[in-house]
$ cat work-v2.pdb   # PDB, C-alpha atoms
ATOM      1  CA  MET A1047     -14.175 -16.815 -27.414
ATOM      2  CA  LYS A1048     -13.123 -13.678 -25.515
ATOM      3  CA  GLU A1049     -15.701 -14.452 -22.794
ATOM      4  CA  LYS A1050     -14.335 -17.961 -22.520
ATOM      5  CA  ASN A1051     -10.784 -16.625 -22.160
ATOM      6  CA  HIS A1052     -11.890 -14.217 -19.428
ATOM      7  CA  LYS A1053     -13.595 -17.021 -17.547
ATOM      8  CA  GLY A1054     -10.529 -19.185 -18.009
ATOM      9  CA  LEU A1055      -8.266 -16.475 -16.611
ATOM     10  CA  GLU A1056     -10.561 -15.836 -13.637
ATOM     11  CA  ASP A1057     -10.702 -19.532 -12.791
ATOM     12  CA  LEU A1058      -6.941 -19.778 -13.106
ATOM     13  CA  ILE A1059      -6.413 -16.766 -10.817
ATOM     14  CA  LYS A1060      -8.791 -18.266  -8.239
ATOM     15  CA  ALA A1061      -7.087 -21.651  -8.327
ATOM     16  CA  THR A1062      -3.591 -20.191  -8.187
ATOM     17  CA  LEU A1063      -4.393 -17.911  -5.249
ATOM     18  CA  ARG A1064      -6.047 -20.799  -3.418
ATOM     19  CA  ASP A1065      -3.032 -23.055  -3.974
ATOM     20  CA  GLU A1066      -0.580 -20.356  -2.997
ATOM     21  CA  LEU A1067      -2.348 -19.173   0.152
ATOM     22  CA  ILE A1068      -3.943 -22.305   1.566
ATOM     23  CA  SER A1069      -0.746 -23.412   3.293
ATOM     24  CA  ILE A1070      -0.254 -20.048   4.993
ATOM     25  CA  GLU A1071      -1.328 -20.424   8.618
ATOM     26  CA  VAL A1072      -0.410 -18.793  11.886
ATOM     27  CA  ASP A1073       1.943 -20.854  14.031
ATOM     28  CA  ASP A1074       0.828 -22.554  17.226
ATOM     29  CA  GLY A1075       1.958 -19.899  19.642
ATOM     30  CA  PHE A1076       0.370 -17.005  17.743
ATOM     31  CA  ILE A1077      -2.985 -16.949  19.519
ATOM     32  CA  GLU A1078      -1.540 -17.260  23.032
ATOM     33  CA  LYS A1079       1.149 -14.667  22.272
ATOM     34  CA  THR A1080      -1.406 -12.169  20.953
ATOM     35  CA  LEU A1081      -3.667 -12.754  23.968
ATOM     36  CA  THR A1082      -0.762 -12.255  26.373
ATOM     37  CA  ILE A1083       0.288  -9.010  24.685
ATOM     38  CA  SER A1084      -3.279  -7.724  24.720
ATOM     39  CA  LYS A1085      -3.558  -8.245  28.489
ATOM     40  CA  GLY A1086      -0.905  -5.609  29.043
ATOM     41  CA  ILE A1087      -2.579  -3.111  26.712
ATOM     42  CA  THR A1088      -4.731  -0.356  28.114
ATOM     43  CA  PRO A1089      -7.662   0.681  25.949
ATOM     44  CA  SER A1090      -7.174   3.999  24.224
ATOM     45  CA  THR A1091      -9.122   6.969  25.533
ATOM     46  CA  ALA A1092     -11.490   9.053  23.423
ATOM     47  CA  LEU A1093      -8.869  11.832  23.253
ATOM     48  CA  GLU A1094      -6.190   9.416  22.040
ATOM     49  CA  ARG A1095      -8.548   8.089  19.381
ATOM     50  CA  PHE A1096      -9.340  11.619  18.275
ATOM     51  CA  LEU A1097      -5.650  12.532  18.045
ATOM     52  CA  GLU A1098      -4.864   9.381  16.061
ATOM     53  CA  ARG A1099      -7.625  10.041  13.563
ATOM     54  CA  GLU A1100      -6.439  10.741  10.072
ATOM     55  CA  ILE A1101      -7.451  14.087   8.731
ATOM     56  CA  ALA A1102      -8.551  13.830   5.140
ATOM     57  CA  ILE A1103      -7.863  16.956   3.157
ATOM     58  CA  PRO A1104     -10.177  17.285   0.151
ATOM     59  CA  VAL A1105      -8.383  17.257  -3.195
ATOM     60  CA  SER A1106      -9.582  20.747  -4.084
ATOM     61  CA  PHE A1107      -7.926  22.169  -0.955
ATOM     62  CA  ALA A1108      -4.730  20.305  -1.701
ATOM     63  CA  ALA A1109      -4.823  21.612  -5.279
ATOM     64  CA  ILE A1110      -5.297  25.198  -4.078
ATOM     65  CA  GLY A1111      -2.383  24.751  -1.692
ATOM     66  CA  CYS A1112      -0.165  23.440  -4.475
ATOM     67  CA  LEU A1113      -1.086  26.319  -6.776
ATOM     68  CA  LEU A1114      -0.279  28.867  -4.060
ATOM     69  CA  ALA A1115       3.067  27.212  -3.374
ATOM     70  CA  ILE A1116       3.928  27.152  -7.096
ATOM     71  CA  GLY A1117       2.866  30.800  -7.414
ATOM     72  CA  LEU A1118       5.133  31.834  -4.570
ATOM     73  CA  LEU A1119       8.024  29.849  -5.979
ATOM     74  CA  VAL A1120       7.647  31.329  -9.450
ATOM     75  CA  ASN A1121       7.357  34.806  -7.982
ATOM     76  CA  THR A1122      10.701  34.471  -6.244
ATOM     77  CA  LEU A1123      12.332  33.302  -9.456
ATOM     78  CA  LEU A1124      11.188  36.300 -11.520
ATOM     79  CA  ILE A1125      13.688  39.106 -12.211
ATOM     80  CA  PRO A1126      12.349  42.314 -10.726
ATOM     81  CA  LYS A1127      11.506  44.865 -13.406
ATOM     82  CA  GLU A1128      12.717  47.955 -11.581
ATOM     83  CA  LEU A1129      15.693  48.010  -9.360
ATOM     84  CA  SER A1130      15.772  50.910  -6.978
ATOM     85  CA  HIS A1131      18.723  53.172  -7.600
ATOM     86  CA  PRO A1132      21.082  53.763  -4.739
ATOM     87  CA  LYS A1133      20.819  57.168  -3.186
ATOM     88  CA  TYR A1134      24.555  57.795  -3.224
ATOM     89  CA  GLU A1135      27.069  56.872  -5.861
ATOM     90  CA  ILE A1136      30.072  55.005  -4.718
ATOM     91  CA  ARG A1137      33.175  56.420  -6.289
ATOM     92  CA  ASN A1138      36.552  54.922  -6.479
ATOM     93  CA  LEU A1139      38.551  57.027  -4.131
ATOM     94  CA  SER A1140      41.754  55.132  -4.461
ATOM     95  CA  SER A1141      44.735  57.114  -5.533
ATOM     96  CA  THR A1142      44.871  57.546  -9.248
ATOM     97  CA  ILE A1143      47.934  56.909 -11.244
ATOM     98  CA  THR A1144      48.914  60.029 -13.011
ATOM     99  CA  LEU A1145      50.995  59.921 -16.078
ATOM    100  CA  ILE A1146      52.639  62.878 -17.663
ATOM    101  CA  SER A1147      53.057  62.681 -21.323
ATOM    102  CA  ASP A1148      56.341  64.200 -22.167
ATOM    103  CA  SER A1149      55.556  64.778 -25.764
ATOM    104  CA  GLU A1150      52.104  66.338 -25.414
ATOM    105  CA  GLY A1151      52.587  67.900 -22.041
ATOM    106  CA  ILE A1152      49.143  66.779 -21.005
ATOM    107  CA  ILE A1153      48.477  65.332 -17.695
ATOM    108  CA  LYS A1154      46.569  62.082 -18.097
ATOM    109  CA  GLY A1155      44.659  60.715 -15.214
ATOM    110  CA  ASP A1156      43.188  57.357 -14.704
ATOM    111  CA  GLN A1157      39.648  57.874 -15.886
TER
ATOM    112  CA  MET B1155     -27.570  -8.991  13.844
ATOM    113  CA  THR B1156     -28.282  -8.964  17.594
ATOM    114  CA  GLU B1157     -25.721 -11.714  17.989
ATOM    115  CA  ALA B1158     -23.089  -9.602  16.263
ATOM    116  CA  ARG B1159     -23.970  -6.609  18.436
ATOM    117  CA  ASP B1160     -23.701  -8.725  21.574
ATOM    118  CA  TYR B1161     -20.360 -10.022  20.431
ATOM    119  CA  ILE B1162     -19.054  -6.489  19.923
ATOM    120  CA  GLU B1163     -20.356  -5.540  23.367
ATOM    121  CA  ARG B1164     -18.409  -8.443  24.839
ATOM    122  CA  LEU B1165     -15.306  -7.219  23.045
ATOM    123  CA  LYS B1166     -15.895  -3.704  24.357
ATOM    124  CA  ASN B1167     -16.151  -5.149  27.873
ATOM    125  CA  ARG B1168     -12.679  -6.719  27.313
ATOM    126  CA  ASP B1169     -14.057 -10.245  27.499
ATOM    127  CA  GLN B1170     -10.951 -12.390  26.943
ATOM    128  CA  MET B1171     -13.000 -15.287  25.608
ATOM    129  CA  ALA B1172     -14.572 -13.056  22.968
ATOM    130  CA  TYR B1173     -11.152 -11.757  22.018
ATOM    131  CA  ARG B1174      -9.805 -15.308  21.743
ATOM    132  CA  GLU B1175     -12.727 -16.215  19.449
ATOM    133  CA  LEU B1176     -11.921 -13.186  17.308
ATOM    134  CA  ILE B1177      -8.271 -14.199  16.960
ATOM    135  CA  GLU B1178      -9.124 -17.830  16.252
ATOM    136  CA  GLU B1179     -11.701 -16.944  13.650
ATOM    137  CA  TYR B1180      -9.835 -14.289  11.711
ATOM    138  CA  SER B1181      -6.065 -14.905  12.145
ATOM    139  CA  ASN B1182      -5.527 -17.220   9.182
ATOM    140  CA  LYS B1183      -7.779 -15.292   6.838
ATOM    141  CA  LEU B1184      -6.048 -12.000   7.693
ATOM    142  CA  LEU B1185      -2.617 -13.618   7.548
ATOM    143  CA  ARG B1186      -3.221 -14.804   3.982
ATOM    144  CA  ILE B1187      -4.270 -11.350   2.849
ATOM    145  CA  ALA B1188      -1.252  -9.747   4.523
ATOM    146  CA  TYR B1189       1.060 -12.434   3.138
ATOM    147  CA  TYR B1190      -0.154 -11.868  -0.409
ATOM    148  CA  ILE B1191       0.628  -8.164  -0.063
ATOM    149  CA  VAL B1192       4.009  -8.354   1.700
ATOM    150  CA  LYS B1193       5.203 -11.750   0.435
ATOM    151  CA  ASP B1194       6.826 -12.664   3.738
ATOM    152  CA  GLN B1195       5.116 -14.866   6.331
ATOM    153  CA  GLU B1196       6.967 -13.520   9.361
ATOM    154  CA  MET B1197       6.271  -9.958   8.352
ATOM    155  CA  ALA B1198       2.633 -10.862   7.653
ATOM    156  CA  GLU B1199       2.263 -12.415  11.138
ATOM    157  CA  ASP B1200       3.613  -9.245  12.729
ATOM    158  CA  ILE B1201       1.140  -7.185  10.728
ATOM    159  CA  VAL B1202      -1.823  -9.352  11.782
ATOM    160  CA  GLN B1203      -0.752  -9.336  15.412
ATOM    161  CA  GLU B1204      -0.287  -5.586  15.420
ATOM    162  CA  SER B1205      -3.700  -5.160  13.795
ATOM    163  CA  LEU B1206      -5.475  -7.455  16.264
ATOM    164  CA  ILE B1207      -3.936  -5.591  19.191
ATOM    165  CA  SER B1208      -4.909  -2.287  17.638
ATOM    166  CA  ILE B1209      -8.488  -3.564  17.288
ATOM    167  CA  TYR B1210      -8.481  -4.624  20.949
ATOM    168  CA  LYS B1211      -7.167  -1.224  21.972
ATOM    169  CA  ASN B1212      -9.603   0.760  19.886
ATOM    170  CA  ILE B1213     -12.744  -1.391  20.001
ATOM    171  CA  ASP B1214     -14.550   1.330  21.963
ATOM    172  CA  GLY B1215     -14.319   3.536  18.884
ATOM    173  CA  PHE B1216     -16.039   0.945  16.676
ATOM    174  CA  ARG B1217     -19.426   2.421  15.840
ATOM    175  CA  GLY B1218     -20.779  -0.633  14.072
ATOM    176  CA  ASP B1219     -21.410   1.197  10.770
ATOM    177  CA  SER B1220     -19.662  -1.636   8.972
ATOM    178  CA  GLN B1221     -19.111  -5.279   9.820
ATOM    179  CA  LEU B1222     -16.323  -6.214  12.190
ATOM    180  CA  SER B1223     -14.646  -8.300   9.462
ATOM    181  CA  THR B1224     -14.662  -5.264   7.133
ATOM    182  CA  TRP B1225     -12.942  -3.174   9.779
ATOM    183  CA  LEU B1226     -10.404  -5.902  10.555
ATOM    184  CA  THR B1227      -9.545  -6.430   6.885
ATOM    185  CA  ARG B1228      -9.195  -2.705   6.348
ATOM    186  CA  VAL B1229      -6.797  -2.356   9.299
ATOM    187  CA  VAL B1230      -4.674  -5.291   8.110
ATOM    188  CA  ILE B1231      -4.504  -4.059   4.508
ATOM    189  CA  ASN B1232      -3.557  -0.549   5.630
ATOM    190  CA  ASN B1233      -0.828  -1.889   7.906
ATOM    191  CA  ALA B1234       0.471  -4.192   5.168
ATOM    192  CA  LYS B1235       0.573  -1.298   2.708
ATOM    193  CA  ARG B1236       2.445   0.811   5.241
ATOM    194  CA  VAL B1237       5.040  -1.963   5.633
ATOM    195  CA  VAL B1238       5.394  -2.388   1.861
ATOM    196  CA  GLY B1239       5.810   1.364   1.520
ATOM    197  CA  LYS B1240       8.503   1.466   4.198
ATOM    198  CA  LYS B1241      10.454  -1.548   3.115
ATOM    199  CA  ARG B1242      11.014  -2.472  -0.462
ATOM    200  CA  VAL B1243       9.898  -6.076  -0.670
ATOM    201  CA  ILE B1244      12.050  -8.075  -3.021
ATOM    202  CA  ASN B1245      10.338 -10.349  -5.501
ATOM    203  CA  PHE B1246      11.606 -13.628  -4.264
ATOM    204  CA  PHE B1247      10.596 -16.993  -5.584
ATOM    205  CA  PRO B1248      12.588 -19.898  -4.243
ATOM    206  CA  LEU B1249      14.174 -21.748  -7.122
ATOM    207  CA  LYS B1250      12.740 -25.041  -5.905
ATOM    208  CA  ASP B1251       9.244 -23.639  -6.414
ATOM    209  CA  LEU B1252       9.947 -22.840 -10.019
ATOM    210  CA  LEU B1253      11.353 -26.233 -10.855
ATOM    211  CA  ILE B1254       9.141 -29.151 -11.595
ATOM    212  CA  LYS B1255       9.709 -31.416  -8.654
ATOM    213  CA  ASP B1256       8.772 -34.674 -10.307
ATOM    214  CA  HIS B1257      11.536 -35.742 -12.655
ATOM    215  CA  LYS B1258       9.505 -38.458 -14.367
ATOM    216  CA  PRO B1259       8.574 -37.498 -17.908
ATOM    217  CA  LEU B1260       5.191 -35.807 -17.832
ATOM    218  CA  PRO B1261       2.613 -35.633 -20.564
ATOM    219  CA  HIS B1262       2.998 -32.478 -22.614
ATOM    220  CA  GLU B1263      -0.325 -30.955 -21.489
ATOM    221  CA  VAL B1264       0.473 -31.454 -17.821
ATOM    222  CA  VAL B1265       3.828 -29.728 -18.269
ATOM    223  CA  ILE B1266       2.173 -26.779 -19.995
ATOM    224  CA  LYS B1267      -0.489 -26.528 -17.284
ATOM    225  CA  LYS B1268       2.117 -26.669 -14.545
ATOM    226  CA  GLU B1269       4.215 -24.052 -16.274
ATOM    227  CA  LYS B1270       1.193 -21.811 -16.720
ATOM    228  CA  GLU B1271       0.338 -22.060 -13.023
ATOM    229  CA  GLU B1272       3.895 -21.267 -11.961
ATOM    230  CA  VAL B1273       4.094 -18.270 -14.266
ATOM    231  CA  LEU B1274       0.704 -17.014 -13.115
ATOM    232  CA  LYS B1275       1.782 -17.396  -9.499
ATOM    233  CA  GLU B1276       4.851 -15.330 -10.237
ATOM    234  CA  ILE B1277       2.846 -12.634 -12.024
ATOM    235  CA  LEU B1278       0.207 -12.525  -9.265
ATOM    236  CA  MET B1279       2.841 -12.083  -6.591
ATOM    237  CA  SER B1280       4.678  -9.329  -8.436
ATOM    238  CA  LEU B1281       1.663  -7.150  -9.263
ATOM    239  CA  PRO B1282       1.471  -3.635  -7.775
ATOM    240  CA  VAL B1283      -0.284  -3.531  -4.370
ATOM    241  CA  LYS B1284      -3.264  -1.594  -5.721
ATOM    242  CA  TYR B1285      -4.201  -4.559  -7.925
ATOM    243  CA  LYS B1286      -3.214  -7.207  -5.406
ATOM    244  CA  GLU B1287      -5.532  -5.938  -2.678
ATOM    245  CA  VAL B1288      -8.501  -5.984  -5.031
ATOM    246  CA  LEU B1289      -7.649  -9.352  -6.586
ATOM    247  CA  VAL B1290      -7.181 -11.142  -3.266
ATOM    248  CA  LEU B1291     -10.458  -9.824  -1.874
ATOM    249  CA  TYR B1292     -12.399 -10.615  -5.035
ATOM    250  CA  PHE B1293     -10.920 -13.929  -6.111
ATOM    251  CA  TYR B1294      -9.698 -15.405  -2.847
ATOM    252  CA  GLU B1295     -12.063 -13.992  -0.240
ATOM    253  CA  GLU B1296     -14.855 -13.959  -2.846
ATOM    254  CA  LEU B1297     -16.222 -10.666  -1.550
ATOM    255  CA  LYS B1298     -18.678  -8.554  -3.496
ATOM    256  CA  ILE B1299     -17.590  -5.336  -5.202
ATOM    257  CA  LYS B1300     -19.601  -3.331  -2.651
ATOM    258  CA  GLU B1301     -17.844  -5.009   0.272
ATOM    259  CA  ILE B1302     -14.403  -4.452  -1.297
ATOM    260  CA  SER B1303     -15.341  -0.843  -1.891
ATOM    261  CA  GLU B1304     -16.142  -0.461   1.837
ATOM    262  CA  ILE B1305     -12.923  -2.136   2.941
ATOM    263  CA  LEU B1306     -10.633  -0.154   0.663
ATOM    264  CA  ASP B1307     -12.662   3.039   0.812
ATOM    265  CA  ILE B1308     -12.705   3.317  -2.971
ATOM    266  CA  SER B1309     -15.776   3.746  -5.182
ATOM    267  CA  GLU B1310     -17.347   0.645  -6.715
ATOM    268  CA  SER B1311     -16.412   1.840 -10.192
ATOM    269  CA  GLY B1312     -12.828   2.264  -8.991
ATOM    270  CA  ILE B1313     -12.783  -1.331  -7.760
ATOM    271  CA  LYS B1314     -14.213  -2.596 -11.062
ATOM    272  CA  SER B1315     -11.633  -0.649 -12.994
ATOM    273  CA  ARG B1316      -8.760  -1.996 -10.869
ATOM    274  CA  LEU B1317     -10.054  -5.522 -11.296
ATOM    275  CA  LYS B1318     -10.221  -5.075 -15.048
ATOM    276  CA  ARG B1319      -6.762  -3.519 -15.269
ATOM    277  CA  GLY B1320      -5.307  -6.162 -12.967
ATOM    278  CA  LYS B1321      -6.658  -8.964 -15.135
ATOM    279  CA  GLU B1322      -5.473  -7.168 -18.248
ATOM    280  CA  LYS B1323      -1.969  -6.867 -16.819
ATOM    281  CA  ILE B1324      -1.931 -10.596 -16.048
ATOM    282  CA  ARG B1325      -3.213 -11.493 -19.504
ATOM    283  CA  LEU B1326      -0.651  -9.307 -21.266
ATOM    284  CA  GLU B1327       2.184 -10.647 -19.149
ATOM    285  CA  MET B1328       1.124 -14.214 -19.935
ATOM    286  CA  GLU B1329       0.971 -13.388 -23.615
ATOM    287  CA  ARG B1330       4.399 -11.781 -23.423
ATOM    288  CA  ARG B1331       5.706 -15.039 -22.045
ATOM    289  CA  ALA B1332       3.979 -16.853 -24.888
ATOM    290  CA  LEU B1333       1.496 -18.594 -22.630
ATOM    291  CA  ASN B1334      -1.974 -18.447 -24.038
ATOM    292  CA  LEU B1335      -4.957 -19.116 -21.858
TER
END
$ encode --input "work-v2.pdb" --output "structure tokens"
Amino acid sequence: MKEKNHKGLEDLIKATLRDELISIEVDDGFIEKTLTISKGITPSTALERFLEREIAIPVSFAAIGCLLAIGLLVNTLLIPKELSHPKYEIRNLSSTITLISDSEGIIKGDQ
Amino acid sequence: MTEARDYIERLKNRDQMAYRELIEEYSNKLLRIAYYIVKDQEMAEDIVQESLISIYKNIDGFRGDSQLSTWLTRVVINNAKRVVGKKRVINFFPLKDLLIKDHKPLPHEVVIKKEKEEVLKEILMSLPVKYKEVLVLYFYEELKIKEISEILDISESGIKSRLKRGKEKIRLEMERRALNL
């Protein structure tokens, strides 16, 4: 039954594609137009063909590249464990407000 | 074999007659493949023309490892895929195509058959390109798995798997629309 269904589907696909595509044809001027265009075309040189060639990068190389890129990205996102201490301490040198407590007689500075 | 080699030599020597023969022989076949992928005749014609010119320009680089038709089909499919990738092709089915043109009452079975064909046409046209390219070469061009594998540069098992998945997708979609085979 399943076999029969498969065969039925395949036949239906074939028939549908045939019906759909049979009417698709190039128009009358297509051949002449293509021939005319081709007359003005200069054949590509060996160098041009070489430069146009697609370079296929093997998957393993691409995977290594991706891993390296991810590694670098993650590395930049990590919080550094040790921050170097500055050599000199920056102190607030602005004028401090000094208050004199009348009751205690102690001079209080802005600490 | 010698004939084919001679023909390629003529093409390499820019023999205009040979080039005309090539266009006459392959234009319609290539146009149908391109049309099935891009779903637009004008766009498909541009793709075929561009591919034929590219073949003319680069024929010197053809080593003859595969058949000329394999090379041509590969170039057209690659160009069609590039166009589909660039421009989102809208699934467009003219309403008149979906309506039954004959208004006379039809026998029930004929109506069902007609409906099934229309739905299948719609499903076939809206499949992803990776299934379409395999289906059109296998069912329309009636090429062997090995030949399709050469054209698409995919392993034979990959082609078989795409064929199987493509058919499965069609079957499920038909079932979803309550149309049993």
$ resolve_selection --input "work-v2.pdb" --expression "the PyMOL selection byres ((chain A) within 8 of (chain B))" --output "PyMOL selection string"
chain A and resi 1051+1054-1056+1058-1060+1062-1064+1066-1068+1070-1072+1077+1080-1081+1083-1084+1087-1090+1092+1095
$ resolve_selection --input "work-v2.pdb" --expression "the PyMOL selection byres ((chain B and resi 1297-1306) around 10)" --output "number ranges by chain"
B: 1220-1221, 1223-1229, 1231-1232, 1284, 1287-1296, 1307-1314, 1317
$ atom_distance --input "work-v2.pdb" --atom1 "atom CA of Lys1323 of chain B" --atom2 "atom CA of Val1264 of chain B"
24.7 Å
$ axis_aligned_box --input "work-v2.pdb" --around "segment 1207-1225 of chain B" --padding-each-side "4 Å" --output "JSON"
{"center_x": -12.7, "center_y": -2.4, "center_z": 14.6, "size_x": 25.5, "size_y": 19.8, "size_z": 22.8}
$ atom_distance --input "work-v2.pdb" --atom1 "atom CA of Arg1331 of chain B" --atom2 "atom CA of Ser1315 of chain B"
24.3 Å
$ atom_distance --input "work-v2.pdb" --atom1 "atom CA of Ala1172 of chain B" --atom2 "atom CA of Asp1160 of chain B"
10.2 Å
